[in-house]
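*Asks:* If it helps, the file is called protein-v7.cif and holds mmCIF, C-alpha atoms:
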```cif
data_target
#
loop_
_atom_site.group_PDB
_atom_site.id
_atom_site.type_symbol
_atom_site.label_atom_id
_atom_site.label_comp_id
_atom_site.auth_asym_id
_atom_site.auth_seq_id
_atom_site.Cartn_x
_atom_site.Cartn_y
_atom_site.Cartn_z
ATOM 1 C CA MET T 1 0.000 0.000 0.000
ATOM 2 C CA ASP T 2 1.407 3.410 -0.935
ATOM 3 C CA HIS T 3 1.446 6.173 1.679
ATOM 4 C CA PRO T 4 0.189 8.795 1.934
ATOM 5 C CA SER T 5 -3.063 7.839 0.232
ATOM 6 C CA VAL T 6 -6.712 7.890 1.265
ATOM 7 C CA ILE T 7 -7.689 4.536 2.784
ATOM 8 C CA ARG T 8 -11.238 3.274 3.319
ATOM 9 C CA PRO T 9 -10.488 0.785 6.101
ATOM 10 C CA ALA T 10 -13.448 -1.516 5.425
ATOM 11 C CA ALA T 11 -12.171 -2.137 1.897
ATOM 12 C CA HIS T 12 -9.117 -3.876 3.376
ATOM 13 C CA ALA T 13 -10.824 -6.089 5.956
ATOM 14 C CA SER T 14 -9.898 -9.773 5.921
ATOM 15 C CA TYR T 15 -12.505 -11.924 7.643
ATOM 16 C CA GLN T 16 -11.662 -15.562 8.359
ATOM 17 C CA GLN T 17 -13.945 -18.385 9.401
ATOM 18 C CA ASP T 18 -11.626 -19.977 11.967
ATOM 19 C CA LYS T 19 -10.295 -16.952 13.843
ATOM 20 C CA MET T 20 -9.942 -13.167 13.883
ATOM 21 C CA GLY T 21 -8.599 -11.865 10.559
ATOM 22 C CA LYS T 22 -5.722 -9.384 10.521
ATOM 23 C CA THR T 23 -4.598 -6.812 7.970
ATOM 24 C CA THR T 24 -1.614 -4.485 8.146
ATOM 25 C CA LEU T 25 -2.231 -1.039 6.629
ATOM 26 C CA PHE T 26 1.084 0.555 7.666
ATOM 27 C CA GLU T 27 4.136 -0.556 9.590
ATOM 28 C CA SER T 28 7.293 1.223 10.705
ATOM 29 C CA PRO T 29 9.614 0.980 13.728
ATOM 30 C CA ARG T 30 7.378 3.646 15.321
ATOM 31 C CA LEU T 31 3.891 2.487 14.457
ATOM 32 C CA LEU T 32 1.694 -0.380 13.310
ATOM 33 C CA VAL T 33 -1.711 0.436 11.810
ATOM 34 C CA GLY T 34 -3.850 -2.631 11.268
ATOM 35 C CA LEU T 35 -7.349 -4.057 11.156
ATOM 36 C CA ASN T 36 -8.835 -6.803 13.317
ATOM 37 C CA ALA T 37 -11.864 -8.440 11.686
ATOM 38 C CA PHE T 38 -14.288 -10.531 13.747
ATOM 39 C CA GLU T 39 -17.069 -12.769 12.513
ATOM 40 C CA PRO T 40 -19.980 -13.068 14.975
ATOM 41 C CA GLY T 41 -18.767 -14.869 18.106
ATOM 42 C CA GLN T 42 -15.048 -14.448 17.408
ATOM 43 C CA GLU T 43 -12.746 -12.772 19.914
ATOM 44 C CA HIS T 44 -9.212 -11.642 20.550
ATOM 45 C CA ALA T 45 -8.623 -12.826 24.115
ATOM 46 C CA LEU T 46 -7.284 -10.622 26.867
ATOM 47 C CA HIS T 47 -3.592 -9.871 26.263
ATOM 48 C CA ALA T 48 -1.061 -7.117 26.967
ATOM 49 C CA HIS T 49 1.895 -5.528 25.192
ATOM 50 C CA ALA T 50 4.927 -4.648 27.305
ATOM 51 C CA GLY T 51 6.226 -1.211 26.336
ATOM 52 C CA MET T 52 3.612 -0.667 23.609
ATOM 53 C CA ASP T 53 0.480 1.484 23.671
ATOM 54 C CA LYS T 54 -2.585 0.266 21.784
ATOM 55 C CA VAL T 55 -5.431 2.263 20.263
ATOM 56 C CA TYR T 56 -8.636 0.589 19.112
ATOM 57 C CA GLN T 57 -11.267 2.298 17.033
ATOM 58 C CA VAL T 58 -14.455 0.555 15.977
ATOM 59 C CA ILE T 59 -15.012 0.847 12.229
ATOM 60 C CA GLU T 60 -18.209 -1.182 11.900
ATOM 61 C CA GLY T 61 -20.299 -3.545 13.970
ATOM 62 C CA GLU T 62 -20.628 -3.856 17.705
ATOM 63 C CA GLY T 63 -19.143 -5.885 20.529
ATOM 64 C CA VAL T 64 -17.275 -5.486 23.786
ATOM 65 C CA PHE T 65 -13.807 -4.412 24.770
ATOM 66 C CA LEU T 66 -12.374 -6.980 27.175
ATOM 67 C CA LEU T 67 -10.508 -5.571 30.159
ATOM 68 C CA GLU T 68 -9.409 -7.169 33.414
ATOM 69 C CA GLY T 69 -12.577 -8.048 35.302
ATOM 70 C CA ARG T 70 -14.939 -6.094 33.070
ATOM 71 C CA GLU T 71 -16.351 -5.759 29.572
ATOM 72 C CA LEU T 72 -17.203 -2.426 27.958
ATOM 73 C CA PRO T 73 -19.841 -2.293 25.207
ATOM 74 C CA MET T 74 -18.632 -0.614 22.019
ATOM 75 C CA ARG T 75 -20.059 0.428 18.690
ATOM 76 C CA ALA T 76 -18.904 2.091 15.484
ATOM 77 C CA GLY T 77 -16.890 5.235 16.163
ATOM 78 C CA ASP T 78 -15.854 4.305 19.701
ATOM 79 C CA LEU T 79 -12.190 4.541 20.632
ATOM 80 C CA LEU T 80 -10.225 2.938 23.459
ATOM 81 C CA VAL T 81 -6.596 3.352 24.497
ATOM 82 C CA ALA T 82 -4.858 0.513 26.349
ATOM 83 C CA PRO T 83 -1.611 1.983 27.687
ATOM 84 C CA GLU T 84 1.437 -0.297 27.722
ATOM 85 C CA GLY T 85 1.034 -3.342 29.942
ATOM 86 C CA VAL T 86 -2.752 -2.969 30.353
ATOM 87 C CA PRO T 87 -4.587 -6.187 29.383
ATOM 88 C CA HIS T 88 -7.189 -5.723 26.656
ATOM 89 C CA GLY T 89 -9.119 -7.683 24.051
ATOM 90 C CA VAL T 90 -12.194 -7.657 21.815
ATOM 91 C CA ARG T 91 -15.226 -9.910 21.421
ATOM 92 C CA ASN T 92 -17.887 -9.725 18.756
ATOM 93 C CA ILE T 93 -21.166 -10.281 20.594
ATOM 94 C CA GLY T 94 -23.261 -8.897 17.731
ATOM 95 C CA ALA T 95 -24.996 -10.654 14.854
ATOM 96 C CA GLU T 96 -22.970 -8.747 12.256
ATOM 97 C CA ARG T 97 -19.290 -8.568 11.448
ATOM 98 C CA LEU T 98 -17.116 -6.372 13.664
ATOM 99 C CA LEU T 99 -14.174 -4.430 12.257
ATOM 100 C CA VAL T 100 -11.728 -2.639 14.536
ATOM 101 C CA LEU T 101 -8.776 -0.419 13.690
ATOM 102 C CA ALA T 102 -5.822 -1.465 15.860
ATOM 103 C CA ILE T 103 -2.832 0.859 16.248
ATOM 104 C CA LEU T 104 0.313 -0.071 18.170
ATOM 105 C CA ALA T 105 3.210 2.209 19.106
ATOM 106 C CA PRO T 106 6.009 1.511 18.777
ATOM 107 C CA GLY T 107 5.700 -1.034 15.975
ATOM 108 C CA PRO T 108 6.507 -4.685 16.709
ATOM 109 C CA ARG T 109 10.269 -5.372 16.629
ATOM 110 C CA MET H 1 -9.138 11.219 30.990
ATOM 111 C CA ASP H 2 -8.804 7.737 32.451
ATOM 112 C CA HIS H 3 -7.549 4.906 30.246
ATOM 113 C CA PRO H 4 -8.692 2.401 29.243
ATOM 114 C CA SER H 5 -12.232 3.712 28.825
ATOM 115 C CA VAL H 6 -14.619 3.968 25.894
ATOM 116 C CA ILE H 7 -14.242 7.349 24.190
ATOM 117 C CA ARG H 8 -16.725 8.925 21.768
ATOM 118 C CA PRO H 9 -14.284 11.256 19.987
ATOM 119 C CA ALA H 10 -16.869 13.842 18.928
ATOM 120 C CA ALA H 11 -17.788 14.443 22.571
ATOM 121 C CA HIS H 12 -14.291 15.838 23.141
ATOM 122 C CA ALA H 13 -14.003 18.138 20.121
ATOM 123 C CA SER H 14 -12.927 21.714 20.781
ATOM 124 C CA TYR H 15 -13.870 24.050 17.935
ATOM 125 C CA GLN H 16 -12.433 27.557 17.921
ATOM 126 C CA GLN H 17 -13.435 30.552 15.852
ATOM 127 C CA ASP H 18 -9.929 31.855 15.113
ATOM 128 C CA LYS H 19 -8.069 28.653 14.244
ATOM 129 C CA MET H 20 -8.112 24.852 14.310
ATOM 130 C CA GLY H 21 -9.020 23.541 17.762
ATOM 131 C CA LYS H 22 -6.921 20.807 19.358
ATOM 132 C CA THR H 23 -7.705 18.214 22.023
ATOM 133 C CA THR H 24 -5.379 15.600 23.506
ATOM 134 C CA LEU H 25 -7.063 12.275 24.297
ATOM 135 C CA PHE H 26 -3.921 10.350 25.286
ATOM 136 C CA GLU H 27 -0.221 11.110 25.470
ATOM 137 C CA SER H 28 2.829 9.013 26.287
ATOM 138 C CA PRO H 29 6.449 8.933 25.131
ATOM 139 C CA ARG H 30 5.283 6.450 22.469
ATOM 140 C CA LEU H 31 2.060 7.963 21.229
ATOM 141 C CA LEU H 32 -0.117 11.066 21.016
ATOM 142 C CA VAL H 33 -3.830 10.624 20.289
ATOM 143 C CA GLY H 34 -5.597 13.898 19.599
ATOM 144 C CA LEU H 35 -8.397 15.632 17.752
ATOM 145 C CA ASN H 36 -8.132 18.432 15.221
ATOM 146 C CA ALA H 37 -11.382 20.405 14.875
ATOM 147 C CA PHE H 38 -11.985 22.656 11.867
ATOM 148 C CA GLU H 39 -14.754 25.166 11.383
ATOM 149 C CA PRO H 40 -15.691 25.668 7.698
ATOM 150 C CA GLY H 41 -12.752 27.284 5.890
ATOM 151 C CA GLN H 42 -10.146 26.511 8.549
ATOM 152 C CA GLU H 43 -7.006 24.549 7.744
ATOM 153 C CA HIS H 44 -3.862 23.072 9.204
ATOM 154 C CA ALA H 45 -1.241 24.095 6.639
ATOM 155 C CA LEU H 46 1.225 21.695 5.072
ATOM 156 C CA HIS H 47 3.819 20.623 7.652
ATOM 157 C CA ALA H 48 6.039 17.633 8.417
ATOM 158 C CA HIS H 49 7.284 15.812 11.520
ATOM 159 C CA ALA H 50 10.885 14.593 11.488
ATOM 160 C CA GLY H 51 11.071 11.069 12.908
ATOM 161 C CA MET H 52 7.327 10.857 13.652
ATOM 162 C CA ASP H 53 4.609 9.017 11.750
ATOM 163 C CA LYS H 54 1.133 10.564 11.601
ATOM 164 C CA VAL H 55 -2.235 8.892 11.174
ATOM 165 C CA TYR H 56 -5.360 10.884 10.354
ATOM 166 C CA GLN H 57 -8.844 9.496 10.516
ATOM 167 C CA VAL H 58 -11.893 11.565 9.620
ATOM 168 C CA ILE H 59 -14.518 11.442 12.386
ATOM 169 C CA GLU H 60 -17.116 13.775 10.871
ATOM 170 C CA GLY H 61 -17.420 16.282 8.051
ATOM 171 C CA GLU H 62 -15.541 16.508 4.796
ATOM 172 C CA GLY H 63 -12.529 18.294 3.399
ATOM 173 C CA VAL H 64 -9.190 17.617 1.774
ATOM 174 C CA PHE H 65 -5.894 16.193 2.890
ATOM 175 C CA LEU H 66 -3.116 18.553 1.814
ATOM 176 C CA LEU H 67 -0.022 16.882 0.377
ATOM 177 C CA GLU H 68 2.887 18.265 -1.613
ATOM 178 C CA GLY H 69 1.453 19.387 -4.949
ATOM 179 C CA ARG H 70 -1.936 17.733 -4.510
ATOM 180 C CA GLU H 71 -5.105 17.637 -2.453
ATOM 181 C CA LEU H 72 -7.055 14.447 -1.716
ATOM 182 C CA PRO H 73 -10.783 14.647 -0.957
ATOM 183 C CA MET H 74 -11.776 12.963 2.311
ATOM 184 C CA ARG H 75 -14.918 12.162 4.219
ATOM 185 C CA ALA H 76 -15.953 10.470 7.444
ATOM 186 C CA GLY H 77 -14.217 7.145 7.948
ATOM 187 C CA ASP H 78 -11.270 7.854 5.654
ATOM 188 C CA LEU H 79 -7.777 7.242 6.967
ATOM 189 C CA LEU H 80 -4.404 8.573 5.803
ATOM 190 C CA VAL H 81 -0.888 7.789 6.994
ATOM 191 C CA ALA H 82 1.848 10.404 6.545
ATOM 192 C CA PRO H 83 5.133 8.594 7.256
ATOM 193 C CA GLU H 84 7.855 10.576 9.032
ATOM 194 C CA GLY H 85 9.078 13.579 7.053
ATOM 195 C CA VAL H 86 6.186 13.554 4.550
ATOM 196 C CA PRO H 87 4.438 16.952 4.402
ATOM 197 C CA HIS H 88 0.709 16.829 5.154
ATOM 198 C CA GLY H 89 -2.167 19.029 6.243
ATOM 199 C CA VAL H 90 -5.950 19.348 6.342
ATOM 200 C CA ARG H 91 -8.438 21.895 5.013
ATOM 201 C CA ASN H 92 -12.155 22.050 5.690
ATOM 202 C CA ILE H 93 -13.716 22.860 2.339
ATOM 203 C CA GLY H 94 -17.201 21.773 3.435
ATOM 204 C CA ALA H 95 -20.110 23.764 4.866
ATOM 205 C CA GLU H 96 -20.103 21.743 8.102
ATOM 206 C CA ARG H 97 -17.570 21.234 10.855
ATOM 207 C CA LEU H 98 -14.730 18.779 10.211
ATOM 208 C CA LEU H 99 -13.307 16.607 12.980
ATOM 209 C CA VAL H 100 -10.182 14.529 12.447
ATOM 210 C CA LEU H 101 -8.457 12.065 14.758
ATOM 211 C CA ALA H 102 -4.708 12.765 14.680
ATOM 212 C CA ILE H 103 -2.264 10.165 15.991
ATOM 213 C CA LEU H 104 1.491 10.740 16.227
ATOM 214 C CA ALA H 105 4.173 8.164 17.036
ATOM 215 C CA PRO H 106 6.344 8.602 18.921
ATOM 216 C CA GLY H 107 4.735 11.238 21.136
ATOM 217 C CA PRO H 108 6.166 14.779 21.088
ATOM 218 C CA ARG H 109 9.227 15.115 23.319
#
```
Would you encode the structure as structure tokens?
*Replies:*
Amino acid sequence: MDHPSVIRPAAHASYQQDKMGKTTLFESPRLLVGLNAFEPGQEHALHAHAGMDKVYQVIEGEGVFLLEGRELPMRAGDLLVAPEGVPHGVRNIGAERLLVLAILAPGPR
Amino acid sequence: MDHPSVIRPAAHASYQQDKMGKTTLFESPRLLVGLNAFEPGQEHALHAHAGMDKVYQVIEGEGVFLLEGRELPMRAGDLLVAPEGVPHGVRNIGAERLLVLAILAPGPR
């Protein structure tokens, strides 16, 4: 993908039947911009990134953000920041597909 | 603002009559997550960040991304990545307010 260019995130979603689908839109030592695509019922279990901040933004669909000991309902447009070391995840509890923008800084080494 | 929590970006927009309004949603040494709010006609002129990648995502409204020698129309949902050193900007050419999520990595020192 060439940058800078105008990206419609949903056009790059990769849904998979067996697990969450992932797409990378941009990657550098500083930043990873990707998409997490969830069929109904799929989830990305609670996990944490040492030394990396994560930003989620819901592109389409609805579900819950998974945090330690709680779940937060989310819908298109919602944003959540999981600072480094804070466990987080996503579950699609809706009947439709769920697409989430996932940004990590710094990028994976 | 506490993190992690669910954020509706538009609820945090700060529009100003004299120039683009800015809001910081999250800041760390790794990442800045902010909002740029443009009244009709306002712009953030072409500029570049040495050693920092920038991600824009349009929350509401329409306008153009400013790049060297060209302008790219954008509307709600569109995303653009300006890798480090690449000049970029935003202009609200619409009749409504324009709100853009602006993410920088690493965060400003």
*Asks:* Return the single residue from H:Ala37, H:Ala45, H:Met74, H:Leu101 that is closest to H:Gln57, with distances computed using all atoms listed in the file.
*Replies:*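 Under the stated criterion, the closest residue is H:Leu101.
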*Asks:* Contacts between chain H and chain T, please, where a residue of chain T counts if it comes within 6 Å (with only C-alpha atoms); show its shortest atom pair and distance in Å to one decimal, rows by chain and ascending number, as a tab-separated table.
*Replies:*
```
residue	atom	partner	partner_atom	distance
T:Pro4	CA	H:Ala82	CA	5.2
T:Ser5	CA	H:Leu80	CA	5.8
T:Val6	CA	H:Leu80	CA	5.1
T:Ile7	CA	H:Leu79	CA	5.0
T:Arg8	CA	H:Asp78	CA	5.1
T:Arg30	CA	H:Ala105	CA	5.8
T:Asp78	CA	H:Arg8	CA	5.1
T:Leu79	CA	H:Ile7	CA	5.0
T:Leu80	CA	H:Val6	CA	5.1
T:Val81	CA	H:Pro4	CA	5.3
T:Ala82	CA	H:Pro4	CA	5.2
T:Ala105	CA	H:Arg30	CA	5.8
```
*Asks:* Since chain H and chain T share a sequence, can you fit the second onto the first over all C-alpha atoms in order and output it as a PDB file with C-alpha atoms, in the coordinates of the input?
*Replies:*
```pdb
ATOM      1  CA  MET T   1      -9.114  11.228  30.984  1.00  0.00           C
ATOM      2  CA  ASP T   2      -8.817   7.729  32.452  1.00  0.00           C
ATOM      3  CA  HIS T   3      -7.559   4.899  30.243  1.00  0.00           C
ATOM      4  CA  PRO T   4      -8.688   2.401  29.241  1.00  0.00           C
ATOM      5  CA  SER T   5     -12.223   3.709  28.819  1.00  0.00           C
ATOM      6  CA  VAL T   6     -14.622   3.972  25.893  1.00  0.00           C
ATOM      7  CA  ILE T   7     -14.241   7.357  24.188  1.00  0.00           C
ATOM      8  CA  ARG T   8     -16.718   8.932  21.768  1.00  0.00           C
ATOM      9  CA  PRO T   9     -14.289  11.256  19.981  1.00  0.00           C
ATOM     10  CA  ALA T  10     -16.875  13.845  18.922  1.00  0.00           C
ATOM     11  CA  ALA T  11     -17.780  14.446  22.567  1.00  0.00           C
ATOM     12  CA  HIS T  12     -14.279  15.845  23.139  1.00  0.00           C
ATOM     13  CA  ALA T  13     -13.999  18.133  20.114  1.00  0.00           C
ATOM     14  CA  SER T  14     -12.915  21.713  20.778  1.00  0.00           C
ATOM     15  CA  TYR T  15     -13.864  24.048  17.944  1.00  0.00           C
ATOM     16  CA  GLN T  16     -12.425  27.568  17.943  1.00  0.00           C
ATOM     17  CA  GLN T  17     -13.432  30.562  15.872  1.00  0.00           C
ATOM     18  CA  ASP T  18      -9.928  31.853  15.129  1.00  0.00           C
ATOM     19  CA  LYS T  19      -8.058  28.662  14.254  1.00  0.00           C
ATOM     20  CA  MET T  20      -8.104  24.861  14.309  1.00  0.00           C
ATOM     21  CA  GLY T  21      -9.019  23.536  17.767  1.00  0.00           C
ATOM     22  CA  LYS T  22      -6.923  20.797  19.360  1.00  0.00           C
ATOM     23  CA  THR T  23      -7.698  18.206  22.020  1.00  0.00           C
ATOM     24  CA  THR T  24      -5.378  15.604  23.503  1.00  0.00           C
ATOM     25  CA  LEU T  25      -7.070  12.278  24.297  1.00  0.00           C
ATOM     26  CA  PHE T  26      -3.921  10.349  25.283  1.00  0.00           C
ATOM     27  CA  GLU T  27      -0.228  11.110  25.470  1.00  0.00           C
ATOM     28  CA  SER T  28       2.818   9.010  26.296  1.00  0.00           C
ATOM     29  CA  PRO T  29       6.457   8.944  25.138  1.00  0.00           C
ATOM     30  CA  ARG T  30       5.284   6.456  22.478  1.00  0.00           C
ATOM     31  CA  LEU T  31       2.053   7.963  21.239  1.00  0.00           C
ATOM     32  CA  LEU T  32      -0.125  11.057  21.018  1.00  0.00           C
ATOM     33  CA  VAL T  33      -3.837  10.609  20.290  1.00  0.00           C
ATOM     34  CA  GLY T  34      -5.605  13.879  19.610  1.00  0.00           C
ATOM     35  CA  LEU T  35      -8.393  15.631  17.755  1.00  0.00           C
ATOM     36  CA  ASN T  36      -8.120  18.440  15.215  1.00  0.00           C
ATOM     37  CA  ALA T  37     -11.369  20.403  14.882  1.00  0.00           C
ATOM     38  CA  PHE T  38     -11.980  22.652  11.871  1.00  0.00           C
ATOM     39  CA  GLU T  39     -14.744  25.177  11.370  1.00  0.00           C
ATOM     40  CA  PRO T  40     -15.694  25.677   7.700  1.00  0.00           C
ATOM     41  CA  GLY T  41     -12.753  27.263   5.870  1.00  0.00           C
ATOM     42  CA  GLN T  42     -10.151  26.514   8.546  1.00  0.00           C
ATOM     43  CA  GLU T  43      -7.002  24.556   7.745  1.00  0.00           C
ATOM     44  CA  HIS T  44      -3.859  23.080   9.199  1.00  0.00           C
ATOM     45  CA  ALA T  45      -1.239  24.098   6.638  1.00  0.00           C
ATOM     46  CA  LEU T  46       1.213  21.698   5.072  1.00  0.00           C
ATOM     47  CA  HIS T  47       3.816  20.620   7.646  1.00  0.00           C
ATOM     48  CA  ALA T  48       6.025  17.620   8.425  1.00  0.00           C
ATOM     49  CA  HIS T  49       7.281  15.813  11.518  1.00  0.00           C
ATOM     50  CA  ALA T  50      10.878  14.589  11.479  1.00  0.00           C
ATOM     51  CA  GLY T  51      11.065  11.075  12.912  1.00  0.00           C
ATOM     52  CA  MET T  52       7.327  10.860  13.651  1.00  0.00           C
ATOM     53  CA  ASP T  53       4.600   9.013  11.755  1.00  0.00           C
ATOM     54  CA  LYS T  54       1.137  10.569  11.599  1.00  0.00           C
ATOM     55  CA  VAL T  55      -2.242   8.894  11.172  1.00  0.00           C
ATOM     56  CA  TYR T  56      -5.357  10.896  10.345  1.00  0.00           C
ATOM     57  CA  GLN T  57      -8.851   9.504  10.507  1.00  0.00           C
ATOM     58  CA  VAL T  58     -11.892  11.570   9.614  1.00  0.00           C
ATOM     59  CA  ILE T  59     -14.506  11.442  12.369  1.00  0.00           C
ATOM     60  CA  GLU T  60     -17.115  13.772  10.882  1.00  0.00           C
ATOM     61  CA  GLY T  61     -17.423  16.260   8.062  1.00  0.00           C
ATOM     62  CA  GLU T  62     -15.538  16.491   4.814  1.00  0.00           C
ATOM     63  CA  GLY T  63     -12.528  18.287   3.397  1.00  0.00           C
ATOM     64  CA  VAL T  64      -9.187  17.619   1.770  1.00  0.00           C
ATOM     65  CA  PHE T  65      -5.894  16.194   2.902  1.00  0.00           C
ATOM     66  CA  LEU T  66      -3.114  18.544   1.816  1.00  0.00           C
ATOM     67  CA  LEU T  67      -0.025  16.879   0.383  1.00  0.00           C
ATOM     68  CA  GLU T  68       2.875  18.270  -1.621  1.00  0.00           C
ATOM     69  CA  GLY T  69       1.443  19.388  -4.948  1.00  0.00           C
ATOM     70  CA  ARG T  70      -1.941  17.732  -4.515  1.00  0.00           C
ATOM     71  CA  GLU T  71      -5.115  17.634  -2.452  1.00  0.00           C
ATOM     72  CA  LEU T  72      -7.043  14.445  -1.709  1.00  0.00           C
ATOM     73  CA  PRO T  73     -10.776  14.642  -0.952  1.00  0.00           C
ATOM     74  CA  MET T  74     -11.759  12.950   2.307  1.00  0.00           C
ATOM     75  CA  ARG T  75     -14.916  12.145   4.201  1.00  0.00           C
ATOM     76  CA  ALA T  76     -15.952  10.475   7.444  1.00  0.00           C
ATOM     77  CA  GLY T  77     -14.217   7.137   7.937  1.00  0.00           C
ATOM     78  CA  ASP T  78     -11.270   7.861   5.646  1.00  0.00           C
ATOM     79  CA  LEU T  79      -7.769   7.254   6.957  1.00  0.00           C
ATOM     80  CA  LEU T  80      -4.405   8.581   5.798  1.00  0.00           C
ATOM     81  CA  VAL T  81      -0.888   7.797   6.997  1.00  0.00           C
ATOM     82  CA  ALA T  82       1.853  10.404   6.547  1.00  0.00           C
ATOM     83  CA  PRO T  83       5.128   8.596   7.250  1.00  0.00           C
ATOM     84  CA  GLU T  84       7.854  10.576   9.022  1.00  0.00           C
ATOM     85  CA  GLY T  85       9.073  13.579   7.059  1.00  0.00           C
ATOM     86  CA  VAL T  86       6.178  13.553   4.557  1.00  0.00           C
ATOM     87  CA  PRO T  87       4.430  16.957   4.406  1.00  0.00           C
ATOM     88  CA  HIS T  88       0.709  16.820   5.154  1.00  0.00           C
ATOM     89  CA  GLY T  89      -2.165  19.029   6.256  1.00  0.00           C
ATOM     90  CA  VAL T  90      -5.951  19.358   6.345  1.00  0.00           C
ATOM     91  CA  ARG T  91      -8.441  21.897   5.011  1.00  0.00           C
ATOM     92  CA  ASN T  92     -12.148  22.042   5.683  1.00  0.00           C
ATOM     93  CA  ILE T  93     -13.730  22.851   2.324  1.00  0.00           C
ATOM     94  CA  GLY T  94     -17.201  21.755   3.445  1.00  0.00           C
ATOM     95  CA  ALA T  95     -20.089  23.751   4.875  1.00  0.00           C
ATOM     96  CA  GLU T  96     -20.091  21.738   8.106  1.00  0.00           C
ATOM     97  CA  ARG T  97     -17.560  21.237  10.858  1.00  0.00           C
ATOM     98  CA  LEU T  98     -14.730  18.782  10.208  1.00  0.00           C
ATOM     99  CA  LEU T  99     -13.309  16.613  12.980  1.00  0.00           C
ATOM    100  CA  VAL T 100     -10.183  14.534  12.444  1.00  0.00           C
ATOM    101  CA  LEU T 101      -8.461  12.071  14.752  1.00  0.00           C
ATOM    102  CA  ALA T 102      -4.714  12.770  14.680  1.00  0.00           C
ATOM    103  CA  ILE T 103      -2.269  10.164  15.992  1.00  0.00           C
ATOM    104  CA  LEU T 104       1.481  10.737  16.228  1.00  0.00           C
ATOM    105  CA  ALA T 105       4.166   8.168  17.039  1.00  0.00           C
ATOM    106  CA  PRO T 106       6.332   8.608  18.922  1.00  0.00           C
ATOM    107  CA  GLY T 107       4.726  11.252  21.125  1.00  0.00           C
ATOM    108  CA  PRO T 108       6.146  14.787  21.089  1.00  0.00           C
ATOM    109  CA  ARG T 109       9.239  15.119  23.314  1.00  0.00           C
TER     110      ARG T 109
END
```
*Asks:* Report, in Å to a single decimal, how far apart atom CA of T:His49 and atom CA of T:Tyr15 are.
*Replies:*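 Here the two named atoms are 23.6 Å from each other.
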*Asks:* In Å to one decimal, how far is atom CA of T:Arg97 from atom CA of H:Ala11?
*Replies:*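 Interatomic distance, atom CA of H:Ala11 to atom CA of T:Arg97: 25.6 Å.
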*Asks:* Which distance in Å separates atom CA of H:Gln17 and atom CA of H:Leu98, to one decimal?
*Replies:*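 Result for atom CA of H:Gln17 versus atom CA of H:Leu98: 13.1 Å, one decimal.
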*Asks:* Excluding H:His44 and its own-chain neighbours fewer than 6 positions away, which residues fall within 8 Å of it when counting all atoms listed in the file? Please give them as a list in words.
*Replies:*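 Residues meeting the cut-off are Met20, Gly89, Val90 and Arg91 of chain H.
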*Asks:* Given the choices T:Pro40, T:Gly63, T:Pro108, T:Gly69, which gets closest to T:Glu96 if the distance is worked out from only C-alpha atoms?
*Replies:* T:Pro40
*Asks:* Could you tell me which of H:Val100, H:Gly61, H:His12, H:Arg109 comes closest to H:Asn36 if we count only C-alpha atoms?
*Replies:* H:Val100
*Asks:* Can you pull out every residue within 8 Å of H:Gly41, counting only C-alpha atoms, but drop anything in the same chain fewer than 6 positions away, and send it as a list in words?
*Replies:* Arg91, Asn92, Ile93 and Gly94 of chain H
*Asks:* Applying 8 Å and only C-alpha atoms, which residues near T:Lys19 remain after dropping the ones on its own chain fewer than 5 positions away? List them as a list in words.
*Replies:*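 In the requested format, the answer is Phe38, Gln42 and Glu43 of chain T.
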*Asks:* Go ahead and save the residues from that selection, with C-alpha atoms, as an mmCIF file, in the frame of the given file.
*Replies:*
```cif
data_model
loop_
_atom_site.group_PDB
_atom_site.id
_atom_site.type_symbol
_atom_site.label_atom_id
_atom_site.label_comp_id
_atom_site.auth_asym_id
_atom_site.auth_seq_id
_atom_site.Cartn_x
_atom_site.Cartn_y
_atom_site.Cartn_z
ATOM 1 C CA PHE T 38 -14.288 -10.531 13.747
ATOM 2 C CA GLN T 42 -15.048 -14.448 17.408
ATOM 3 C CA GLU T 43 -12.746 -12.772 19.914
#
```
*Asks:* Taking all atoms of stretch 26-33 of chain T that the file lists and extending 3 Å past them on each side, where is the centre of the axis-aligned box and how long are its edges? Answer in Å to one decimal, as AutoDock Vina command-line options.
*Replies:*
```
--center_x 4.0 --center_y 1.5 --center_z 11.5 --size_x 17.3 --size_y 10.2 --size_z 13.7
```
*Asks:* Could you check the closest approach to T:Met1 for each of T:Thr23, T:Glu68, T:Leu46, T:Gln16 and tell me which residue wins, using only C-alpha atoms?
*Replies:*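 Using only C-alpha atoms, T:Met1 sits closest to T:Thr23.
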